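Enquirer: So that we are looking at the same thing, I have put the structure below in structure tokens.
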Protein chains: 2
Amino acid sequence: MPLYTLSQIESWERFYRTNFVNSLTGFKSINLIGTVNNHGQTNLGIFSSIVHIGSNPPLIGYINRPRKAATQTLANIEAVGMYTINHIQPSFVNKAHQTSANYPEEVSEFDQVGLTPEFIENLKVPFVKESIIKYALSLIDIIPIKLNDTLLVIGKIICVQIESNILLNDGFLELDKAGSICSNGNDAYYTTSLIGRYQYAKPGIVPEEIS
Amino acid sequence: MPLYTLSQIESWERFYRTNFVNSLTGFKSINLIGTVNNHGQTNLGIFSSIVHIGSNPPLIGYINRPRKAATQTLANIEAVGMYTINHIQPSFVNKAHQTSANYPEEVSEFDQVGLTPEFIENLKVPFVKESIIKYALSLIDIIPIKLNDTLLVIGKIICVQIESNILLNDGFLELDKAGSICSNGNDAYYTTSLIGRYQYAKPGIVPEEIS
């Protein structure tokens, strides 16, 4: 099997290297983060670095690029203390991808790409109306990753909106039925098909599929 | 659309809540982390919290559960300073899942589940021979997440082994052709199907698919 070393990887042209390293991390959760600034200007950005931090309390993190490279989403989160994470379904994948274009601060990606901001209850931050799995978070911590100036942004779930027919009676969400997509690299999007769910593993027992 | 609040989520039974919150984060990269201790005892564990930190230098992170709950993988990484991350393909998904069983420290999950440790060059740490996308990392940093005692473990790529027919001429890896799987929740595994790759997004231009 071909072997690639660090010095080879470091010698590659930037986009080639970025594609390669972003594929190595495997399929990723791909989501739209919805925010608003203190003047009511909404913002929507696509993020593939969502990571589960813990279930009790329910904490979810994402990696934000260095502040100088990616300002609006993080600035809004810090100003308002709140944001939404919205799963992407195939019907609006092209619109979701388009939010990655470098729009000026004074326009909203919602308007530019044709997605609908949705406000519920007394929450200041916009959900994506078209998404059928989405949740709001309050900002809890921002941990600097000094190695490359990225930031681990951690939020605590405030509330969750999901279509009712995908919640099973053990709390599991059938994301494949919901059509939530995943991504690979910088620009590839995928649907999924269930292989199976396996029982809690114990030593010496062959794990059976959950039917 | 049904709405679930934080207080509802906090009131749920532990496994129900864990399934629910672990599904909200979306499809995850699911991988086997291979390690060894200073006495040559190998260890293999399944992790769904791999996250891209940066491409230059190539840095990849994962969230480790609190030290008291998950000791062996992290202890080995700290002792040896090195580890491998191995994608999972459908032919060994049941074996990969079984590594999550609570085996005693003195046995190797490789032996117990029937996967093959593979050593290359002068690297001390075991790859999974059966995996067709895998890489070795050197430990660079461990960042404590004080909110819930988890840890962000960051490694720098040492070398990468991949089957040659999945590497495209722009550095992108066709993970769907490789059969790398993704996961949802604690126990569900999925294959994927490509929707499309989209061109780099620019304001005012409808993104076209890369053919």
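Following the order of the structure tokens, chains are lettered A, B, ..., residues in each are numbered from 1, and ligands are numbered from 1.
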Which residues are near Gly171 (chain B)? Cut-off 8 Å, only C-alpha atoms, ignore same chain within fewer than 4 positions. Put them as a ChimeraX atom specification.

Expert: /A:15-20 /B:167

Enquirer: Can I get the selected residues back with all heavy atoms, as a CSV table (one decimal), in the first residue's frame?

Expert:
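Generated file (part.csv):
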chain,number,residue,atom,x,y,z
A,15,PHE,N,-3.7,23.5,-2.0
A,15,PHE,CA,-5.1,22.9,-2.2
A,15,PHE,C,-5.1,21.4,-2.2
A,15,PHE,O,-6.0,20.7,-1.7
A,15,PHE,CB,-5.8,23.5,-3.4
A,15,PHE,CG,-6.2,24.9,-3.2
A,15,PHE,CD1,-5.5,26.0,-3.7
A,15,PHE,CD2,-7.4,25.2,-2.4
A,15,PHE,CE1,-5.9,27.3,-3.5
A,15,PHE,CE2,-7.8,26.5,-2.2
A,15,PHE,CZ,-7.1,27.5,-2.7
A,16,TYR,N,-4.0,20.8,-2.8
A,16,TYR,CA,-3.8,19.4,-2.8
A,16,TYR,C,-3.7,18.8,-1.4
A,16,TYR,O,-4.4,17.9,-1.0
A,16,TYR,CB,-2.6,19.0,-3.6
A,16,TYR,CG,-2.4,17.5,-3.9
A,16,TYR,CD1,-2.8,17.0,-5.1
A,16,TYR,CD2,-1.8,16.7,-3.0
A,16,TYR,CE1,-2.7,15.6,-5.4
A,16,TYR,CE2,-1.7,15.3,-3.2
A,16,TYR,CZ,-2.1,14.8,-4.5
A,16,TYR,OH,-2.0,13.5,-4.7
A,17,ARG,N,-2.9,19.5,-0.6
A,17,ARG,CA,-2.7,19.1,0.8
A,17,ARG,C,-3.9,19.2,1.6
A,17,ARG,O,-4.3,18.3,2.4
A,17,ARG,CB,-1.5,19.9,1.4
A,17,ARG,CG,-1.3,19.5,2.9
A,17,ARG,CD,-0.1,20.3,3.5
A,17,ARG,NE,-0.3,21.7,3.4
A,17,ARG,CZ,0.5,22.6,2.8
A,17,ARG,NH1,1.6,22.2,2.3
A,17,ARG,NH2,0.2,23.9,2.7
A,18,THR,N,-4.7,20.3,1.4
A,18,THR,CA,-5.9,20.5,2.1
A,18,THR,C,-6.9,19.5,1.8
A,18,THR,O,-7.6,19.0,2.7
A,18,THR,CB,-6.4,22.0,1.8
A,18,THR,OG1,-5.4,22.9,2.2
A,18,THR,CG2,-7.7,22.2,2.6
A,19,ASN,N,-7.1,19.2,0.5
A,19,ASN,CA,-8.0,18.1,0.2
A,19,ASN,C,-7.6,16.8,0.8
A,19,ASN,O,-8.5,16.0,1.3
A,19,ASN,CB,-8.0,17.9,-1.4
A,19,ASN,CG,-8.9,18.9,-2.1
A,19,ASN,OD1,-9.9,19.4,-1.5
A,19,ASN,ND2,-8.6,19.2,-3.3
A,20,PHE,N,-6.3,16.5,0.8
A,20,PHE,CA,-5.9,15.2,1.3
A,20,PHE,C,-6.1,15.1,2.8
A,20,PHE,O,-6.7,14.1,3.3
A,20,PHE,CB,-4.4,15.1,1.0
A,20,PHE,CG,-3.7,13.8,1.3
A,20,PHE,CD1,-3.8,12.7,0.4
A,20,PHE,CD2,-3.0,13.6,2.5
A,20,PHE,CE1,-3.2,11.5,0.7
A,20,PHE,CE2,-2.4,12.4,2.8
A,20,PHE,CZ,-2.5,11.3,1.9
B,167,LEU,N,-7.1,7.9,-4.4
B,167,LEU,CA,-6.5,9.2,-4.4
B,167,LEU,C,-6.7,9.9,-5.8
B,167,LEU,O,-6.2,9.4,-6.8
B,167,LEU,CB,-5.1,9.1,-4.0
B,167,LEU,CG,-4.2,10.4,-4.1
B,167,LEU,CD1,-4.8,11.5,-3.1
B,167,LEU,CD2,-2.8,10.1,-3.7

Enquirer: Just asking: which residues within region 5-174 of chain A are strand (DSSP E or B) according to DSSP, as a PDB file with C-alpha atoms, in the first residue's frame?

Expert:
ATOM      1  CA  THR A   5       5.322  10.820   4.810  1.00  0.00           C
ATOM      2  CA  LYS A  28     -17.903  14.606   8.856  1.00  0.00           C
ATOM      3  CA  SER A  29     -21.085  16.045  10.219  1.00  0.00           C
ATOM      4  CA  ASN A  31     -24.051  21.795   9.440  1.00  0.00           C
ATOM      5  CA  LEU A  32     -25.153  25.381   9.033  1.00  0.00           C
ATOM      6  CA  ILE A  33     -24.451  27.654  11.991  1.00  0.00           C
ATOM      7  CA  GLY A  34     -26.964  30.486  12.292  1.00  0.00           C
ATOM      8  CA  THR A  35     -26.093  33.681  14.158  1.00  0.00           C
ATOM      9  CA  VAL A  36     -27.120  37.300  14.473  1.00  0.00           C
ATOM     10  CA  THR A  42     -28.280  37.508  10.444  1.00  0.00           C
ATOM     11  CA  ASN A  43     -25.397  35.304   9.298  1.00  0.00           C
ATOM     12  CA  LEU A  44     -25.229  31.707   8.115  1.00  0.00           C
ATOM     13  CA  GLY A  45     -22.082  29.614   7.644  1.00  0.00           C
ATOM     14  CA  ILE A  46     -21.286  25.982   6.840  1.00  0.00           C
ATOM     15  CA  PHE A  47     -19.119  24.039   9.303  1.00  0.00           C
ATOM     16  CA  ILE A  50     -18.882  19.689  14.901  1.00  0.00           C
ATOM     17  CA  VAL A  51     -17.822  17.360  17.725  1.00  0.00           C
ATOM     18  CA  HIS A  52     -19.664  15.732  20.621  1.00  0.00           C
ATOM     19  CA  ILE A  53     -18.220  16.876  23.954  1.00  0.00           C
ATOM     20  CA  GLY A  54     -20.680  15.340  26.413  1.00  0.00           C
ATOM     21  CA  SER A  55     -24.313  14.341  26.970  1.00  0.00           C
ATOM     22  CA  PRO A  58     -25.357  18.295  26.618  1.00  0.00           C
ATOM     23  CA  LEU A  59     -22.246  20.015  25.239  1.00  0.00           C
ATOM     24  CA  ILE A  60     -21.362  20.320  21.561  1.00  0.00           C
ATOM     25  CA  GLY A  61     -18.196  21.837  20.155  1.00  0.00           C
ATOM     26  CA  TYR A  62     -16.865  22.998  16.828  1.00  0.00           C
ATOM     27  CA  ILE A  63     -13.454  24.121  15.615  1.00  0.00           C
ATOM     28  CA  ASN A  64     -13.384  27.743  14.448  1.00  0.00           C
ATOM     29  CA  MET A  82     -26.100  32.101  21.390  1.00  0.00           C
ATOM     30  CA  TYR A  83     -26.234  30.297  18.022  1.00  0.00           C
ATOM     31  CA  THR A  84     -28.045  27.545  16.140  1.00  0.00           C
ATOM     32  CA  ILE A  85     -26.749  24.372  14.470  1.00  0.00           C
ATOM     33  CA  ASN A  86     -28.858  23.076  11.581  1.00  0.00           C
ATOM     34  CA  HIS A  87     -28.480  19.729   9.796  1.00  0.00           C
ATOM     35  CA  PRO A 117     -34.361  32.441   8.827  1.00  0.00           C
ATOM     36  CA  GLU A 118     -36.791  31.089  11.425  1.00  0.00           C
ATOM     37  CA  PHE A 127     -32.712  28.627  12.726  1.00  0.00           C
ATOM     38  CA  VAL A 128     -32.784  27.435   9.115  1.00  0.00           C
ATOM     39  CA  ILE A 133     -33.062  18.678  12.673  1.00  0.00           C
ATOM     40  CA  LYS A 134     -31.734  21.778  14.442  1.00  0.00           C
ATOM     41  CA  TYR A 135     -30.868  23.085  17.870  1.00  0.00           C
ATOM     42  CA  ALA A 136     -29.925  26.288  19.658  1.00  0.00           C
ATOM     43  CA  LEU A 137     -26.919  26.568  21.962  1.00  0.00           C
ATOM     44  CA  SER A 138     -25.661  29.030  24.521  1.00  0.00           C
ATOM     45  CA  LEU A 139     -21.949  29.773  24.373  1.00  0.00           C
ATOM     46  CA  ILE A 140     -20.147  28.172  27.320  1.00  0.00           C
ATOM     47  CA  ASP A 141     -16.442  28.300  26.533  1.00  0.00           C
ATOM     48  CA  ILE A 142     -13.910  29.154  23.836  1.00  0.00           C
ATOM     49  CA  ILE A 143     -10.686  27.189  24.199  1.00  0.00           C
ATOM     50  CA  PRO A 144      -7.722  28.470  22.172  1.00  0.00           C
ATOM     51  CA  ILE A 145      -5.694  25.867  20.273  1.00  0.00           C
ATOM     52  CA  THR A 150      -7.872  27.759  15.853  1.00  0.00           C
ATOM     53  CA  LEU A 151     -10.484  27.721  18.629  1.00  0.00           C
ATOM     54  CA  LEU A 152     -12.668  25.039  20.166  1.00  0.00           C
ATOM     55  CA  VAL A 153     -16.052  26.738  20.654  1.00  0.00           C
ATOM     56  CA  ILE A 154     -18.329  24.895  23.089  1.00  0.00           C
ATOM     57  CA  GLY A 155     -22.055  25.422  23.518  1.00  0.00           C
ATOM     58  CA  LYS A 156     -24.725  23.931  25.751  1.00  0.00           C
ATOM     59  CA  ILE A 157     -28.012  22.925  24.148  1.00  0.00           C
ATOM     60  CA  ILE A 158     -30.888  25.317  24.858  1.00  0.00           C
ATOM     61  CA  CYS A 159     -33.536  23.525  22.805  1.00  0.00           C
ATOM     62  CA  VAL A 160     -33.953  21.109  19.911  1.00  0.00           C
ATOM     63  CA  GLN A 161     -36.399  21.002  17.002  1.00  0.00           C
ATOM     64  CA  ILE A 162     -36.761  17.704  15.143  1.00  0.00           C
ATOM     65  CA  LEU A 167     -37.059   9.853  17.054  1.00  0.00           C
ATOM     66  CA  LEU A 173     -32.510   9.763  15.810  1.00  0.00           C
TER      67      LEU A 173
END

Enquirer: Go ahead and compute the interatomic distance for CA of Pro126 (chain B) and CA of Phe27 (chain B), in Å to one decimal.

Expert: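 Pair CA of Pro126 (chain B) / CA of Phe27 (chain B) returns 26.6 Å.
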
Enquirer: Using DSSP on the backbone coordinates, identify all residues within region 14-73 of chain A classified as helix (DSSP H, G or I); present the result as a ChimeraX atom specification.

Expert: /A:14-24,72-73

Enquirer: Just write the chosen residues, N, CA, C and O atoms, as a PDB file, in the first residue's frame.

Expert:
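This is the output file part-v2.pdb:
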ATOM      1  N   ARG A  14      -0.820  23.775  -1.751  1.00  0.00           N
ATOM      2  CA  ARG A  14      -1.750  24.012  -0.646  1.00  0.00           C
ATOM      3  C   ARG A  14      -3.111  23.314  -0.813  1.00  0.00           C
ATOM      4  O   ARG A  14      -3.608  22.663   0.099  1.00  0.00           O
ATOM      5  N   PHE A  15      -3.735  23.463  -1.993  1.00  0.00           N
ATOM      6  CA  PHE A  15      -5.082  22.902  -2.158  1.00  0.00           C
ATOM      7  C   PHE A  15      -5.057  21.375  -2.200  1.00  0.00           C
ATOM      8  O   PHE A  15      -5.955  20.711  -1.697  1.00  0.00           O
ATOM      9  N   TYR A  16      -3.990  20.821  -2.802  1.00  0.00           N
ATOM     10  CA  TYR A  16      -3.827  19.372  -2.830  1.00  0.00           C
ATOM     11  C   TYR A  16      -3.716  18.848  -1.395  1.00  0.00           C
ATOM     12  O   TYR A  16      -4.393  17.900  -0.998  1.00  0.00           O
ATOM     13  N   ARG A  17      -2.859  19.522  -0.614  1.00  0.00           N
ATOM     14  CA  ARG A  17      -2.658  19.086   0.782  1.00  0.00           C
ATOM     15  C   ARG A  17      -3.948  19.214   1.594  1.00  0.00           C
ATOM     16  O   ARG A  17      -4.305  18.335   2.368  1.00  0.00           O
ATOM     17  N   THR A  18      -4.660  20.324   1.393  1.00  0.00           N
ATOM     18  CA  THR A  18      -5.895  20.547   2.147  1.00  0.00           C
ATOM     19  C   THR A  18      -6.938  19.484   1.822  1.00  0.00           C
ATOM     20  O   THR A  18      -7.602  18.951   2.716  1.00  0.00           O
ATOM     21  N   ASN A  19      -7.084  19.152   0.545  1.00  0.00           N
ATOM     22  CA  ASN A  19      -8.016  18.085   0.165  1.00  0.00           C
ATOM     23  C   ASN A  19      -7.629  16.767   0.822  1.00  0.00           C
ATOM     24  O   ASN A  19      -8.479  16.040   1.345  1.00  0.00           O
ATOM     25  N   PHE A  20      -6.345  16.456   0.774  1.00  0.00           N
ATOM     26  CA  PHE A  20      -5.856  15.173   1.288  1.00  0.00           C
ATOM     27  C   PHE A  20      -6.086  15.066   2.799  1.00  0.00           C
ATOM     28  O   PHE A  20      -6.689  14.100   3.280  1.00  0.00           O
ATOM     29  N   VAL A  21      -5.641  16.079   3.532  1.00  0.00           N
ATOM     30  CA  VAL A  21      -5.756  15.998   5.000  1.00  0.00           C
ATOM     31  C   VAL A  21      -7.219  16.040   5.436  1.00  0.00           C
ATOM     32  O   VAL A  21      -7.630  15.334   6.358  1.00  0.00           O
ATOM     33  N   ASN A  22      -8.028  16.846   4.742  1.00  0.00           N
ATOM     34  CA  ASN A  22      -9.450  16.910   5.089  1.00  0.00           C
ATOM     35  C   ASN A  22     -10.197  15.615   4.769  1.00  0.00           C
ATOM     36  O   ASN A  22     -11.275  15.381   5.304  1.00  0.00           O
ATOM     37  N   SER A  23      -9.660  14.798   3.869  1.00  0.00           N
ATOM     38  CA  SER A  23     -10.271  13.496   3.616  1.00  0.00           C
ATOM     39  C   SER A  23      -9.856  12.466   4.662  1.00  0.00           C
ATOM     40  O   SER A  23     -10.624  11.561   4.986  1.00  0.00           O
ATOM     41  N   LEU A  24      -8.646  12.611   5.169  1.00  0.00           N
ATOM     42  CA  LEU A  24      -8.151  11.619   6.131  1.00  0.00           C
ATOM     43  C   LEU A  24      -9.006  11.545   7.383  1.00  0.00           C
ATOM     44  O   LEU A  24      -9.138  10.484   7.993  1.00  0.00           O
ATOM     45  N   GLN A  72     -17.056  36.500  11.200  1.00  0.00           N
ATOM     46  CA  GLN A  72     -18.443  36.883  11.472  1.00  0.00           C
ATOM     47  C   GLN A  72     -19.191  35.944  12.409  1.00  0.00           C
ATOM     48  O   GLN A  72     -19.828  36.379  13.362  1.00  0.00           O
ATOM     49  N   THR A  73     -19.129  34.638  12.128  1.00  0.00           N
ATOM     50  CA  THR A  73     -19.873  33.702  12.975  1.00  0.00           C
ATOM     51  C   THR A  73     -19.418  33.815  14.425  1.00  0.00           C
ATOM     52  O   THR A  73     -20.245  33.972  15.340  1.00  0.00           O
TER      53      THR A  73
END

Enquirer: Give me, please, the distance in Å between CA of Glu10 (chain B) and CA of Gly185 (chain B), quoted to one decimal.

Expert: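 Interatomic distance, CA of Glu10 (chain B) to CA of Gly185 (chain B): 17.4 Å.
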
Enquirer: Give me, as an NGL selection string, all polymer residues having an atom no more than 10 Å from Arg197 (chain A), counting only C-alpha atoms and skipping those fewer than 5 positions away in the same chain.

Expert: (:A and (207-211)) or (:B and (94 or 97 or 183-190))

Enquirer: Can I get the selection written as a PDB file, in the first residue's frame, with N, CA and C atoms?

Expert:
ATOM      1  N   PRO A 207     -21.288  -9.272  19.223  1.00  0.00           N
ATOM      2  CA  PRO A 207     -22.337  -8.243  19.257  1.00  0.00           C
ATOM      3  C   PRO A 207     -23.427  -8.513  18.240  1.00  0.00           C
ATOM      4  N   GLU A 208     -24.682  -8.502  18.688  1.00  0.00           N
ATOM      5  CA  GLU A 208     -25.796  -8.715  17.766  1.00  0.00           C
ATOM      6  C   GLU A 208     -26.327  -7.390  17.288  1.00  0.00           C
ATOM      7  N   GLU A 209     -26.922  -7.446  16.106  1.00  0.00           N
ATOM      8  CA  GLU A 209     -27.554  -6.230  15.597  1.00  0.00           C
ATOM      9  C   GLU A 209     -28.843  -5.952  16.342  1.00  0.00           C
ATOM     10  N   ILE A 210     -29.120  -4.667  16.569  1.00  0.00           N
ATOM     11  CA  ILE A 210     -30.381  -4.239  17.153  1.00  0.00           C
ATOM     12  C   ILE A 210     -31.400  -4.204  16.021  1.00  0.00           C
ATOM     13  N   SER A 211     -32.493  -4.926  16.188  1.00  0.00           N
ATOM     14  CA  SER A 211     -33.478  -4.961  15.085  1.00  0.00           C
ATOM     15  C   SER A 211     -34.508  -3.851  15.274  1.00  0.00           C
TER      16      SER A 211
ATOM     17  N   ASN B  94     -18.298  -5.200  12.596  1.00  0.00           N
ATOM     18  CA  ASN B  94     -18.678  -5.876  13.847  1.00  0.00           C
ATOM     19  C   ASN B  94     -17.474  -6.048  14.765  1.00  0.00           C
ATOM     20  N   HIS B  97     -16.721  -2.601  16.279  1.00  0.00           N
ATOM     21  CA  HIS B  97     -17.663  -2.289  17.364  1.00  0.00           C
ATOM     22  C   HIS B  97     -17.288  -3.031  18.647  1.00  0.00           C
ATOM     23  N   SER B 183     -20.676   6.921  11.439  1.00  0.00           N
ATOM     24  CA  SER B 183     -21.517   6.433  12.531  1.00  0.00           C
ATOM     25  C   SER B 183     -22.506   7.499  12.962  1.00  0.00           C
ATOM     26  N   ASN B 184     -23.478   7.061  13.749  1.00  0.00           N
ATOM     27  CA  ASN B 184     -24.435   7.982  14.370  1.00  0.00           C
ATOM     28  C   ASN B 184     -24.784   7.417  15.735  1.00  0.00           C
ATOM     29  N   GLY B 185     -24.917   8.305  16.714  1.00  0.00           N
ATOM     30  CA  GLY B 185     -25.222   7.829  18.057  1.00  0.00           C
ATOM     31  C   GLY B 185     -24.100   6.967  18.583  1.00  0.00           C
ATOM     32  N   ASN B 186     -24.445   6.004  19.406  1.00  0.00           N
ATOM     33  CA  ASN B 186     -23.435   5.162  20.045  1.00  0.00           C
ATOM     34  C   ASN B 186     -23.190   3.860  19.316  1.00  0.00           C
ATOM     35  N   ASP B 187     -24.076   3.489  18.385  1.00  0.00           N
ATOM     36  CA  ASP B 187     -24.052   2.097  17.952  1.00  0.00           C
ATOM     37  C   ASP B 187     -24.482   1.863  16.515  1.00  0.00           C
ATOM     38  N   ALA B 188     -24.646   2.924  15.707  1.00  0.00           N
ATOM     39  CA  ALA B 188     -25.156   2.762  14.342  1.00  0.00           C
ATOM     40  C   ALA B 188     -24.071   3.117  13.332  1.00  0.00           C
ATOM     41  N   TYR B 189     -23.962   2.294  12.285  1.00  0.00           N
ATOM     42  CA  TYR B 189     -22.912   2.457  11.277  1.00  0.00           C
ATOM     43  C   TYR B 189     -23.533   2.539   9.891  1.00  0.00           C
ATOM     44  N   TYR B 190     -22.904   3.299   9.005  1.00  0.00           N
ATOM     45  CA  TYR B 190     -23.487   3.637   7.705  1.00  0.00           C
ATOM     46  C   TYR B 190     -22.449   3.620   6.588  1.00  0.00           C
TER      47      TYR B 190
END

Enquirer: Calculated over only C-alpha atoms, which of the candidates B:Pro203, B:Gly40, B:Gly114, B:Gly179 has the smallest distance to chain A?

Expert: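 The answer is B:Pro203, which sits nearest to chain A.
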
Enquirer: Which of these residues is nearest to Lys146 (chain B), using only C-alpha atoms: B:Gly81, B:Pro2, B:Pro57, B:Pro66?

Expert: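 The answer is B:Pro66, which sits nearest to Lys146 (chain B).
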
Enquirer: Excluding Leu115 (chain B) and any residue of its chain fewer than 6 positions from it, enumerate the residues within 9 Å of it, using only C-alpha atoms, and give them as a PyMOL selection string.

Expert: chain B and resi 92+95-96+109+128-130

Enquirer: Could the residues in this selection be saved with N, CA, C and O atoms as a short mmCIF file (atom, residue, chain, number, x, y, z; two decimals), in the first residue's frame?

Expert:
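Full text of result.cif as output:
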data_model
loop_
_atom_site.label_atom_id
_atom_site.label_comp_id
_atom_site.auth_asym_id
_atom_site.auth_seq_id
_atom_site.Cartn_x
_atom_site.Cartn_y
_atom_site.Cartn_z
N PHE B 92 -15.28 -5.33 8.42
CA PHE B 92 -14.91 -5.59 9.82
C PHE B 92 -15.61 -4.66 10.81
O PHE B 92 -15.13 -4.44 11.91
N LYS B 95 -16.31 -6.34 14.19
CA LYS B 95 -15.09 -6.45 15.00
C LYS B 95 -14.70 -5.09 15.58
O LYS B 95 -14.26 -5.00 16.73
N ALA B 96 -14.84 -4.06 14.78
CA ALA B 96 -14.52 -2.72 15.26
C ALA B 96 -15.42 -2.33 16.43
O ALA B 96 -14.95 -1.81 17.45
N GLU B 109 -7.17 -5.93 22.36
CA GLU B 109 -8.41 -5.97 21.57
C GLU B 109 -8.16 -6.55 20.18
O GLU B 109 -9.07 -7.13 19.59
N VAL B 128 -4.11 -1.14 11.85
CA VAL B 128 -5.02 -2.25 11.60
C VAL B 128 -4.79 -2.70 10.17
O VAL B 128 -5.06 -1.95 9.22
N LYS B 129 -4.27 -3.91 10.02
CA LYS B 129 -3.91 -4.42 8.68
C LYS B 129 -5.11 -4.39 7.73
O LYS B 129 -4.98 -4.09 6.54
N GLU B 130 -6.30 -4.70 8.26
CA GLU B 130 -7.50 -4.81 7.43
C GLU B 130 -7.97 -3.45 6.88
O GLU B 130 -8.76 -3.41 5.93
#
